[in-house]
Amino acid sequence: MTASEIRALFAVASRPEVVSLAGGMPFVQALNLDIMAELVQRLIASRGAQALQYGSGQGDVVLREQILDVMAPVGVTAHPDDIVVTTGSQMALDLVTRVFCDPGDVVLVEAPSYVGALGVFRAYQCDIEHVAMDEQGLVPEALSEAIARSRRSGRTVKMIYTIPSFHNPAGVTQGHERRQQILAIAQSAGILVLEDDPYGLLSFDGHIPRAIRADDPDGVIYLGSFSKTIASGLRVGWAVAPHGVREKLVLAAESAVLCPSNYSQLTVSAYLETQPWLEQIKVFRELYRERRDALLESLGSMMPAGTSWTVPTGGFYSWVTLPDGLDATAMLPRAIAALVAYVPGTGFYVDGQGRQNLRLSYCYPEPDRIREGVRRLAGVVEGELVLTNTFGTGTGLHEAPGSSFPAPHLK
Ligand code: PMP
């Protein structure tokens, strides 16, 4: 295991004078905290003995029924018995990997992919292979090639890990047809799809993408989370899995934590029962859309020519490609000195790609802070261009492999 670049950054980036476009922290302040306080107070007063006790390894049955309603907009139907409640979807990633993967098994992931998932796959000694993306996400032809290549080398491909909606960090979304193509490839190769969908309900244009799992309950494990739609601090997520897999996941969960927190689960359950949760998700969506707009507008008006970025239609992130010759990792100390933070692209790859890329999160800072952050970042990029033009390969990029991810919006 190694420390992720994001973790190391948090200490610096959380200083108040720094505009952090780095961490993907949900803006939980948008919840009505007085109502949350009342809800927790009522929960302890009425069901305290249950909330403060151990619970079932699979999770609270009422919450599992409510999760079915939460998944209805993405088209996932299931039985409450198919659901395993976890300590955030991060734990579900860990459990699925523990159950399926032996050292040396191949896990196919997007290029780039979620840093927390890469950490899990690495910890279980999987062989992580990146598969190219375009503005519609995972590229089917590249997926087929990666499967064939891995098999030719005698390795077992255990899973395809994908974040089809509002990707972290790429900010792109697979269209319906693309999802069908990916599923067809997985089915014909007999490979499990691990669908990670924490952002699916946070769509800005009203279109909530249909989950891949909705079209194949047997071949897809679906992961959901309340981190972005209620509160990340509650640490409640879930996995929906075929029956035989679900049993193994419960055993793995019991050996890791005995049971997920009853207190958190009952808080989520009471929230879903008594609060207009879909209305609250609308509030989050509007808030994040406004921030996305602030980011895109200021990137458009301030970034030097040659910089490009993805245009997210939901979620928290845009993926930036710097002008040729620039290196986002080498640039970071100068960005921090200019009081703006981002995550360098290399953190989202296991093979050294991503030097020319960085991830910007617009979820947490207010729109004016985002504009200020982009203003500072644009100044840093301008400065790097001058350095590169003066000293040629000054930032070292030319010796490093670049990213092949094409951003659709090129300025
Ligand atoms: N998957 C993805 C793609 C994420 O972005 C995150 C959080 N950043 C997680 C899983 C984990 O979320 P949680 O454990 O809070 O549910």
# chains A, B, ... in the order shown; residues from 1 in each chain; ligands from 1
$ residues_around --residues "Ile67 of chain A" --least-positions-apart "2" --cutoff "12 Å" --atoms "only C-alpha atoms" --output "PyMOL selection string"
chain A and resi 59-65+69-74+76-85+223-226+236-240+265+268-269+272-273
$ select_by_dssp --residues "segment 74-305 of chain A" --states "helix (DSSP H, G or I)" --output "number ranges by chain"
A: 74, 80-82, 88-100, 115-123, 140-152, 176-189, 212-215, 227-234, 243-257, 262-274, 277-302
$ write_last_selection --atoms "C-alpha atoms" --output "tab-separated table (two decimals), in the first residue's frame"
chain	number	residue	atom	x	y	z
A	74	VAL	CA	-31.23	4.43	-12.28
A	80	PRO	CA	-33.77	-6.43	-0.32
A	81	ASP	CA	-31.93	-9.72	0.19
A	82	ASP	CA	-29.63	-8.90	-2.76
A	88	GLY	CA	-19.36	3.66	2.30
A	89	SER	CA	-19.00	2.18	-1.16
A	90	GLN	CA	-15.26	2.21	-0.51
A	91	MET	CA	-15.73	-0.81	1.73
A	92	ALA	CA	-17.84	-2.51	-0.92
A	93	LEU	CA	-14.92	-2.11	-3.35
A	94	ASP	CA	-12.70	-3.79	-0.79
A	95	LEU	CA	-15.11	-6.66	-0.14
A	96	VAL	CA	-15.72	-7.42	-3.81
A	97	THR	CA	-11.98	-7.45	-4.51
A	98	ARG	CA	-11.29	-9.64	-1.49
A	99	VAL	CA	-13.93	-12.14	-2.59
A	100	PHE	CA	-12.95	-12.30	-6.27
A	115	VAL	CA	-7.73	6.57	-6.95
A	116	GLY	CA	-9.47	4.82	-4.01
A	117	ALA	CA	-10.32	1.82	-6.19
A	118	LEU	CA	-6.78	1.62	-7.56
A	119	GLY	CA	-5.55	1.54	-3.96
A	120	VAL	CA	-7.82	-1.41	-3.17
A	121	PHE	CA	-6.86	-3.38	-6.29
A	122	ARG	CA	-3.20	-2.76	-5.56
A	123	ALA	CA	-3.55	-3.82	-1.93
A	140	PRO	CA	-15.32	-0.77	-26.38
A	141	GLU	CA	-12.61	-1.68	-28.91
A	142	ALA	CA	-9.90	-0.92	-26.35
A	143	LEU	CA	-11.75	-3.07	-23.81
A	144	SER	CA	-11.89	-6.05	-26.18
A	145	GLU	CA	-8.21	-5.63	-26.97
A	146	ALA	CA	-7.26	-5.44	-23.28
A	147	ILE	CA	-9.18	-8.65	-22.55
A	148	ALA	CA	-7.55	-10.45	-25.48
A	149	ARG	CA	-4.07	-9.16	-24.56
A	150	SER	CA	-4.40	-10.18	-20.90
A	151	ARG	CA	-5.64	-13.64	-21.86
A	152	ARG	CA	-2.90	-14.11	-24.43
A	176	HIS	CA	-26.78	4.15	-23.20
A	177	GLU	CA	-25.45	2.56	-26.37
A	178	ARG	CA	-21.91	2.61	-25.02
A	179	ARG	CA	-23.09	0.84	-21.88
A	180	GLN	CA	-24.76	-1.83	-23.99
A	181	GLN	CA	-21.56	-2.36	-25.97
A	182	ILE	CA	-19.46	-2.68	-22.83
A	183	LEU	CA	-21.95	-5.09	-21.28
A	184	ALA	CA	-22.04	-7.22	-24.44
A	185	ILE	CA	-18.24	-7.49	-24.43
A	186	ALA	CA	-18.21	-8.44	-20.73
A	187	GLN	CA	-20.96	-11.02	-21.28
A	188	SER	CA	-19.36	-12.67	-24.25
A	189	ALA	CA	-16.01	-12.84	-22.42
A	212	ILE	CA	-25.56	-1.11	-16.51
A	213	ARG	CA	-26.82	-3.45	-13.78
A	214	ALA	CA	-30.41	-2.66	-14.84
A	215	ASP	CA	-29.75	-4.75	-17.98
A	227	SER	CA	-22.03	9.98	0.58
A	228	LYS	CA	-22.96	12.38	-2.20
A	229	THR	CA	-26.74	12.40	-1.85
A	230	ILE	CA	-26.97	12.70	1.95
A	231	ALA	CA	-23.70	12.92	3.88
A	232	SER	CA	-20.29	11.31	3.43
A	233	GLY	CA	-19.61	11.36	7.18
A	234	LEU	CA	-22.35	8.81	7.79
A	243	HIS	CA	-27.29	-14.21	-4.66
A	244	GLY	CA	-24.21	-16.44	-4.38
A	245	VAL	CA	-21.88	-13.45	-4.43
A	246	ARG	CA	-23.99	-11.60	-1.89
A	247	GLU	CA	-23.48	-14.40	0.64
A	248	LYS	CA	-19.71	-14.21	0.26
A	249	LEU	CA	-19.78	-10.43	0.58
A	250	VAL	CA	-21.62	-10.73	3.90
A	251	LEU	CA	-19.04	-13.21	5.19
A	252	ALA	CA	-16.23	-10.89	4.11
A	253	ALA	CA	-18.00	-7.92	5.72
A	254	GLU	CA	-18.43	-9.79	8.98
A	255	SER	CA	-14.77	-10.62	9.11
A	256	ALA	CA	-13.85	-6.99	8.44
A	257	VAL	CA	-16.27	-5.03	10.67
A	262	ASN	CA	-26.32	0.60	13.15
A	263	TYR	CA	-26.32	4.19	14.28
A	264	SER	CA	-25.46	5.48	10.79
A	265	GLN	CA	-27.82	3.09	9.06
A	266	LEU	CA	-30.78	4.05	11.23
A	267	THR	CA	-29.94	7.74	10.75
A	268	VAL	CA	-30.05	7.27	6.97
A	269	SER	CA	-33.20	5.20	7.28
A	270	ALA	CA	-34.97	7.84	9.42
A	271	TYR	CA	-33.82	10.54	7.00
A	272	LEU	CA	-35.22	8.67	4.00
A	273	GLU	CA	-38.47	7.98	5.84
A	274	THR	CA	-39.16	11.46	7.17
A	277	TRP	CA	-34.79	13.29	0.09
A	278	LEU	CA	-35.40	13.68	-3.63
A	279	GLU	CA	-35.96	17.41	-3.09
A	280	GLN	CA	-32.67	17.58	-1.20
A	281	ILE	CA	-30.89	15.85	-4.08
A	282	LYS	CA	-32.33	18.56	-6.35
A	283	VAL	CA	-30.80	21.16	-4.04
A	284	PHE	CA	-27.41	19.43	-4.34
A	285	ARG	CA	-27.74	19.18	-8.11
A	286	GLU	CA	-28.52	22.89	-8.51
A	287	LEU	CA	-25.67	23.83	-6.24
A	288	TYR	CA	-23.14	21.65	-8.06
A	289	ARG	CA	-24.44	22.79	-11.45
A	290	GLU	CA	-23.86	26.42	-10.51
A	291	ARG	CA	-20.32	25.54	-9.42
A	292	ARG	CA	-19.68	23.53	-12.58
A	293	ASP	CA	-20.79	26.55	-14.61
A	294	ALA	CA	-18.46	28.82	-12.64
A	295	LEU	CA	-15.58	26.42	-13.32
A	296	LEU	CA	-16.26	26.03	-17.04
A	297	GLU	CA	-16.83	29.74	-17.62
A	298	SER	CA	-13.64	30.71	-15.89
A	299	LEU	CA	-11.60	27.98	-17.58
A	300	GLY	CA	-12.98	29.25	-20.90
A	301	SER	CA	-12.12	32.85	-20.24
A	302	MET	CA	-8.81	32.47	-18.41
$ closest_residue --among "A:Ala170, A:Met36, A:Ile160, A:Val131" --to "Cys101 of chain A" --atoms "only C-alpha atoms"
A:Ile160
$ atom_distance --atom1 "atom CA of Gln41 of chain A" --atom2 "atom CA of Thr87 of chain A"
22.0 Å
$ residues_around --residues "segment 333-348 of chain A" --least-positions-apart "2" --cutoff "7 Å" --atoms "only C-alpha atoms" --output "ChimeraX atom specification"
/A:4-6,13,17-22,112-115,328-329,331,350,352-355,357-360,373,376-377,380
$ residues_around --residues "Gly171 of chain A" --least-positions-apart "6" --cutoff "6 Å" --atoms "only C-alpha atoms" --output "PDB file with all heavy atoms, in the first residue's frame"
ATOM      1  N   PRO A 312     -18.420  18.156 -17.664  1.00  0.00           N
ATOM      2  CA  PRO A 312     -19.243  17.190 -16.951  1.00  0.00           C
ATOM      3  C   PRO A 312     -20.722  17.568 -16.985  1.00  0.00           C
ATOM      4  O   PRO A 312     -21.057  18.744 -16.894  1.00  0.00           O
ATOM      5  CB  PRO A 312     -18.708  17.244 -15.516  1.00  0.00           C
ATOM      6  CG  PRO A 312     -18.011  18.559 -15.398  1.00  0.00           C
ATOM      7  CD  PRO A 312     -17.554  18.937 -16.775  1.00  0.00           C
ATOM      8  N   TYR A 317     -16.427  16.588 -11.044  1.00  0.00           N
ATOM      9  CA  TYR A 317     -15.066  16.756 -11.551  1.00  0.00           C
ATOM     10  C   TYR A 317     -14.984  17.120 -13.030  1.00  0.00           C
ATOM     11  O   TYR A 317     -15.810  16.685 -13.839  1.00  0.00           O
ATOM     12  CB  TYR A 317     -14.279  15.437 -11.401  1.00  0.00           C
ATOM     13  CG  TYR A 317     -14.404  14.832 -10.026  1.00  0.00           C
ATOM     14  CD1 TYR A 317     -15.264  13.744  -9.803  1.00  0.00           C
ATOM     15  CD2 TYR A 317     -13.691  15.350  -8.953  1.00  0.00           C
ATOM     16  CE1 TYR A 317     -15.401  13.187  -8.541  1.00  0.00           C
ATOM     17  CE2 TYR A 317     -13.830  14.808  -7.690  1.00  0.00           C
ATOM     18  CZ  TYR A 317     -14.676  13.725  -7.482  1.00  0.00           C
ATOM     19  OH  TYR A 317     -14.818  13.181  -6.227  1.00  0.00           O
ATOM     20  N   SER A 318     -13.931  17.897 -13.334  1.00  0.00           N
ATOM     21  CA  SER A 318     -13.523  18.069 -14.730  1.00  0.00           C
ATOM     22  C   SER A 318     -12.052  17.680 -14.843  1.00  0.00           C
ATOM     23  O   SER A 318     -11.266  17.913 -13.925  1.00  0.00           O
ATOM     24  CB  SER A 318     -13.730  19.517 -15.179  1.00  0.00           C
ATOM     25  OG  SER A 318     -13.225  19.692 -16.487  1.00  0.00           O
TER      26      SER A 318
END
$ select_by_dssp --residues "segment 140-373 of chain A" --states "strand (DSSP E or B)" --output "ChimeraX atom specification"
/A:157-162,192-196,203,220-225,237-240,308-309,314,317-321,340-341,343-344,357-361
$ closest_residue --among "A:Thr310, A:Thr173, A:Thr86, A:Ser56" --to "Leu202 of chain A" --atoms "only C-alpha atoms"
A:Thr173
$ decode --residues "segment 169-195 of chain A" --atoms "C-alpha atoms" --output "compact mmCIF listing (two decimals), in the first residue's frame"
# COMPACT_ATOMS: atom_id res chain seq x y z
CA PRO A 169 -11.81 11.88 -12.25
CA ALA A 170 -12.63 12.18 -15.99
CA GLY A 171 -16.00 13.95 -15.64
CA VAL A 172 -17.50 12.01 -18.59
CA THR A 173 -20.57 9.75 -18.85
CA GLN A 174 -21.18 6.62 -20.90
CA GLY A 175 -24.20 6.95 -23.17
CA HIS A 176 -26.78 4.15 -23.20
CA GLU A 177 -25.45 2.56 -26.37
CA ARG A 178 -21.91 2.61 -25.02
CA ARG A 179 -23.09 0.84 -21.88
CA GLN A 180 -24.76 -1.83 -23.99
CA GLN A 181 -21.56 -2.36 -25.97
CA ILE A 182 -19.46 -2.68 -22.83
CA LEU A 183 -21.95 -5.09 -21.28
CA ALA A 184 -22.04 -7.22 -24.44
CA ILE A 185 -18.24 -7.49 -24.43
CA ALA A 186 -18.21 -8.44 -20.73
CA GLN A 187 -20.96 -11.02 -21.28
CA SER A 188 -19.36 -12.67 -24.25
CA ALA A 189 -16.01 -12.84 -22.42
CA GLY A 190 -17.71 -14.07 -19.22
CA ILE A 191 -16.22 -11.29 -17.09
CA LEU A 192 -17.88 -9.65 -14.10
CA VAL A 193 -18.63 -5.92 -14.30
CA LEU A 194 -18.15 -3.90 -11.12
CA GLU A 195 -20.27 -0.77 -11.60
